[in-house]
Amino acid sequence: MGGTDVTDGWDWRRPGEHPAPGRPPGPAYPSAGPPTAAQGPGSGGTSPWWSDALADPWRDPGAPAAVVVPAPAGTGTDPEPVVDPDAPGRPTLRQLLIVPLVTALLAGALGGSLGYAFAVRGGAGAGTVLGAGATEAPGLAQRRPESLAGVAERVLPSVVTVRVASLGGTSEGSGFIVSADGHVITNDHVLSTATGRAAVIFNDGSSAPAEIVGQDPESDIAVIKVAKSGLRPVEFGDSDALAVGDPVLAIGSPLSLANTVTAGIVSAIDRTMQAGEPGGPTRYYAAIQTDAAVNHGNSGGPLVDGAGRVIGVNSTIKSLVADGQEAGNIGLAFAIPINQAKRVTQDIIGTGKARRTVIGAQVGGPGLSGGAGVRLASVEPSGPAAGAGLKAGDVILKLNGRPMTEPTDLIALVRKFAPGSVVTVEYRRGSARQNASVTLAADAK
């Protein structure tokens with residue numbers, strides 16, 4: 001065969017037949033159906049082996065094709081529609097609100113960032129940057145030993161709180177360790193009302209009982225001792241080498257606030273003081289004046305220089321309150337010079353009591369010429385003043401170059417020196433000025 005014709009079924013013909021006129025299948029041209037009883041296998045009708053059923057695989061290929069349209073469904077419920085989960089749906093109200101909200105937030109953040117950048121670089125503030133660049137805070141190891149922090153770190157372990165029981169309850173002061181075997185310096189007035197044993201609280205919070213070694217009311221120095229190993233004594237400085245303006249730290253327990261450090265300067269030196277409680281002894285000393293904050297409870301604590309060396313014992317303060325009221329710091333505090341306190345401490349440890357330095361004369365009042373100098377009321381015949389040629393009625397103008405204006409000045413400055421010290425005295429007898437060298441002595445008591 002020269003080719004194969006593809007038909008749609010209704011114009012099919014046997015080989016050798018002429019094509020029938022083109023006509024669609026219909027009622028006038030019924031398609032061959034299945035063989036009936038009247039049709040035999042050799043009849044000229046349609047082959048009995050073929051079926052005209054559209055879905056039958058043995059359908060007669062000569063049967064005309066037809067389009068079968070299914071009948072409409074009868075009455076009943078419509079089938080539930082099936083929704084494609086991947087098909088785009090209508091946006092919900094929440095989606096409609098969230099999208100513009102997120103867009104607004106992003107736009108605001110971007111606008112703020114751009115506005116700040118423009119303001120800093122070339123807009124508002126004309127490029128002004130406030131403050132210096134951040135620097136790393138110094139670590140403890142970076143603090144130099146001579147800095148205030150370095151000095152405080154080194155001295156604090158040697159400072160203690162002194163607590164004593166008294167008739168009025170418990171009183172507190174401060175102190176500092178001066179020997180590896182447990183000796184502690186404090187003020188006499190810290191222990192003056194004690195009715196029992198004292199206790200010491202150390203920098204690390206531990207405590208130990210303390211025994212009173214000795215007290216000297218006139219110098220306001222007392223010594224106690226604790227039994228504890230591993231103590232770190234302080235380093236002593238030279239109070240005679242101080243100058244006004246030198247930096248100092250006051251360390252102690254003001255108002256029961258242990259391990260408190262305050263800073264200031266030396267405001268004055270050889271500030272003569274007369275102090276004491278009613279009914280108690282009168283204390284005289286040439287003090288170191290400082291503006292470092294000192295309050296009740298600082299008494300007996302150390303005043304240290306810029307190298308961490310003890311140069312004084314904090315003792316008294318000046319206040320504007322009336323007698324009987326609680327005094328507070330106003331920037332006027334006074335410390336006993338450490339050279340004097342050290343000497344008294346050595347006497348107490350060695351003999352149980354301290355020697356008092358004297359000049360061998362009694363002062364009677366200010367000099368005759370407008371208060372310049374102090375007049376000697378009497379002179380002991382065998383005392384240091386008499387040995388230097390001084391007489392009653394002489395007016396002492398200066399002691400080692402320090403001007404005298406009040407009787408307190410002479411007493412306080414004499415007690416600053418150790419017995420046996422030689423001092424220069426400038427005095428006036430009548431209208432003549434003279435100088436004398438006086439070797440001070442210890443009181444015979």
# chains A, B, ... in the order shown; residues from 1 in each chain; ligands from 1
$ residues_around --residues "Ile269 in chain A" --least-positions-apart "4" --cutoff "10 Å" --atoms "only C-alpha atoms" --output "MDAnalysis selection string"
chainID A and resid 239:240 242:244 286:290 334:335 337
$ residues_around --residues "Thr357 in chain A" --least-positions-apart "5" --cutoff "8 Å" --atoms "only C-alpha atoms" --output "MDAnalysis selection string"
chainID A and resid 414:419 440:443
$ write_last_selection --atoms "N, CA and C atoms" --output "compact mmCIF listing (two decimals), in the first residue's frame"
# COMPACT_ATOMS: atom_id res chain seq x y z
N VAL A 414 57.18 72.24 122.59
CA VAL A 414 58.19 71.56 123.40
C VAL A 414 57.90 70.07 123.44
N ARG A 415 56.63 69.69 123.58
CA ARG A 415 56.28 68.27 123.68
C ARG A 415 56.40 67.53 122.35
N LYS A 416 56.51 68.25 121.29
CA LYS A 416 56.73 67.63 119.99
C LYS A 416 58.10 66.97 119.92
N PHE A 417 59.06 67.51 120.64
CA PHE A 417 60.45 67.01 120.58
C PHE A 417 60.68 65.93 121.62
N ALA A 418 61.66 65.11 121.33
CA ALA A 418 62.03 64.05 122.26
C ALA A 418 62.94 64.62 123.36
N PRO A 419 62.88 64.05 124.56
CA PRO A 419 63.82 64.47 125.61
C PRO A 419 65.26 64.36 125.10
N LEU A 440 66.29 70.07 125.92
CA LEU A 440 65.06 69.67 126.60
C LEU A 440 65.26 68.40 127.39
N ALA A 441 64.43 68.20 128.40
CA ALA A 441 64.56 67.06 129.28
C ALA A 441 63.21 66.37 129.46
N ALA A 442 63.25 65.19 130.07
CA ALA A 442 62.03 64.45 130.37
C ALA A 442 61.53 64.85 131.74
N ASP A 443 60.21 64.84 131.88
CA ASP A 443 59.60 65.14 133.17
C ASP A 443 60.02 64.09 134.19
$ residues_around --residues "Asn187 in chain A" --least-positions-apart "6" --cutoff "6 Å" --atoms "only C-alpha atoms" --output "MDAnalysis selection string"
chainID A and resid 220:222 300
$ residues_around --residues "Glu277 in chain A" --least-positions-apart "6" --cutoff "12 Å" --atoms "only C-alpha atoms" --output "number ranges by chain"
A: 188-190, 192-193, 217-218, 220, 283, 316, 323-324
$ residues_around --residues "Glu380 in chain A" --least-positions-apart "4" --cutoff "8 Å" --atoms "only C-alpha atoms" --output "ChimeraX atom specification"
/A:360-361,385-386
$ write_last_selection --atoms "all heavy atoms" --output "PDB file, in the first residue's frame"
ATOM      1  N   GLY A 360      61.381  73.203 131.566  1.00  0.00           N
ATOM      2  CA  GLY A 360      61.780  73.636 132.906  1.00  0.00           C
ATOM      3  C   GLY A 360      61.379  75.058 133.208  1.00  0.00           C
ATOM      4  O   GLY A 360      62.107  75.771 133.905  1.00  0.00           O
ATOM      5  N   ALA A 361      60.208  75.484 132.739  1.00  0.00           N
ATOM      6  CA  ALA A 361      59.714  76.839 133.025  1.00  0.00           C
ATOM      7  C   ALA A 361      58.192  76.838 132.949  1.00  0.00           C
ATOM      8  O   ALA A 361      57.588  75.965 132.308  1.00  0.00           O
ATOM      9  CB  ALA A 361      60.299  77.852 132.062  1.00  0.00           C
ATOM     10  N   ALA A 385      65.722  75.354 131.005  1.00  0.00           N
ATOM     11  CA  ALA A 385      65.701  76.788 130.722  1.00  0.00           C
ATOM     12  C   ALA A 385      66.732  77.526 131.563  1.00  0.00           C
ATOM     13  O   ALA A 385      67.475  78.386 131.046  1.00  0.00           O
ATOM     14  CB  ALA A 385      64.307  77.354 130.977  1.00  0.00           C
ATOM     15  N   ALA A 386      66.790  77.191 132.829  1.00  0.00           N
ATOM     16  CA  ALA A 386      67.787  77.849 133.703  1.00  0.00           C
ATOM     17  C   ALA A 386      69.194  77.514 133.256  1.00  0.00           C
ATOM     18  O   ALA A 386      70.097  78.370 133.285  1.00  0.00           O
ATOM     19  CB  ALA A 386      67.573  77.413 135.153  1.00  0.00           C
TER      20      ALA A 386
END
$ residues_around --residues "Val184 in chain A" --least-positions-apart "6" --cutoff "8 Å" --atoms "only C-alpha atoms" --output "PyMOL selection string"
chain A and resi 175-178+223-226
$ write_last_selection --atoms "N, CA, C and O atoms" --output "short mmCIF file (atom, residue, chain, number, x, y, z; two decimals), in the first residue's frame"
data_model
loop_
_atom_site.label_atom_id
_atom_site.label_comp_id
_atom_site.auth_asym_id
_atom_site.auth_seq_id
_atom_site.Cartn_x
_atom_site.Cartn_y
_atom_site.Cartn_z
N GLY A 175 42.62 52.29 114.32
CA GLY A 175 43.99 52.05 114.73
C GLY A 175 44.77 51.49 113.55
O GLY A 175 44.21 51.24 112.48
N PHE A 176 46.07 51.27 113.75
CA PHE A 176 46.89 50.69 112.68
C PHE A 176 48.01 49.86 113.29
O PHE A 176 48.52 50.14 114.38
N ILE A 177 48.36 48.80 112.58
CA ILE A 177 49.33 47.82 113.05
C ILE A 177 50.73 48.37 112.86
O ILE A 177 51.10 48.84 111.78
N VAL A 178 51.53 48.32 113.94
CA VAL A 178 52.88 48.89 113.88
C VAL A 178 53.97 47.86 114.10
O VAL A 178 55.16 48.19 114.00
N VAL A 223 48.36 52.12 123.20
CA VAL A 223 48.87 50.95 122.48
C VAL A 223 48.11 49.73 122.96
O VAL A 223 47.97 49.51 124.17
N ILE A 224 47.62 48.93 122.01
CA ILE A 224 46.99 47.65 122.32
C ILE A 224 47.72 46.57 121.53
O ILE A 224 48.51 46.86 120.63
N LYS A 225 47.45 45.31 121.89
CA LYS A 225 48.14 44.22 121.21
C LYS A 225 47.17 43.08 120.95
O LYS A 225 46.34 42.73 121.79
N VAL A 226 47.28 42.48 119.75
CA VAL A 226 46.45 41.34 119.37
C VAL A 226 47.35 40.15 119.08
O VAL A 226 48.51 40.30 118.70
#
$ residues_around --residues "Tyr284 in chain A" --least-positions-apart "2" --cutoff "8 Å" --atoms "only C-alpha atoms" --output "NGL selection string"
:A and (218-219 or 272-275 or 282 or 286 or 408 or 411-412 or 415)
$ write_last_selection --atoms "C-alpha atoms" --output "PDB file, in the first residue's frame"
ATOM      1  CA  GLU A 218      48.501  63.873 127.699  1.00  0.00           C
ATOM      2  CA  SER A 219      49.727  62.882 124.233  1.00  0.00           C
ATOM      3  CA  THR A 272      49.241  73.998 118.301  1.00  0.00           C
ATOM      4  CA  MET A 273      46.270  72.291 119.904  1.00  0.00           C
ATOM      5  CA  GLN A 274      44.827  72.203 123.393  1.00  0.00           C
ATOM      6  CA  ALA A 275      42.158  69.529 123.677  1.00  0.00           C
ATOM      7  CA  THR A 282      44.407  68.586 128.908  1.00  0.00           C
ATOM      8  CA  ALA A 286      51.635  70.627 117.578  1.00  0.00           C
ATOM      9  CA  THR A 408      49.756  76.891 124.370  1.00  0.00           C
ATOM     10  CA  ILE A 411      53.919  73.854 125.636  1.00  0.00           C
ATOM     11  CA  ALA A 412      52.745  72.047 122.465  1.00  0.00           C
ATOM     12  CA  ARG A 415      56.279  68.269 123.683  1.00  0.00           C
TER      13      ARG A 415
END
$ closest_residue --among "A:Ser382, A:Ser206, A:Ser319, A:Asn314" --to "Ile336 in chain A" --atoms "only C-alpha atoms"
A:Asn314
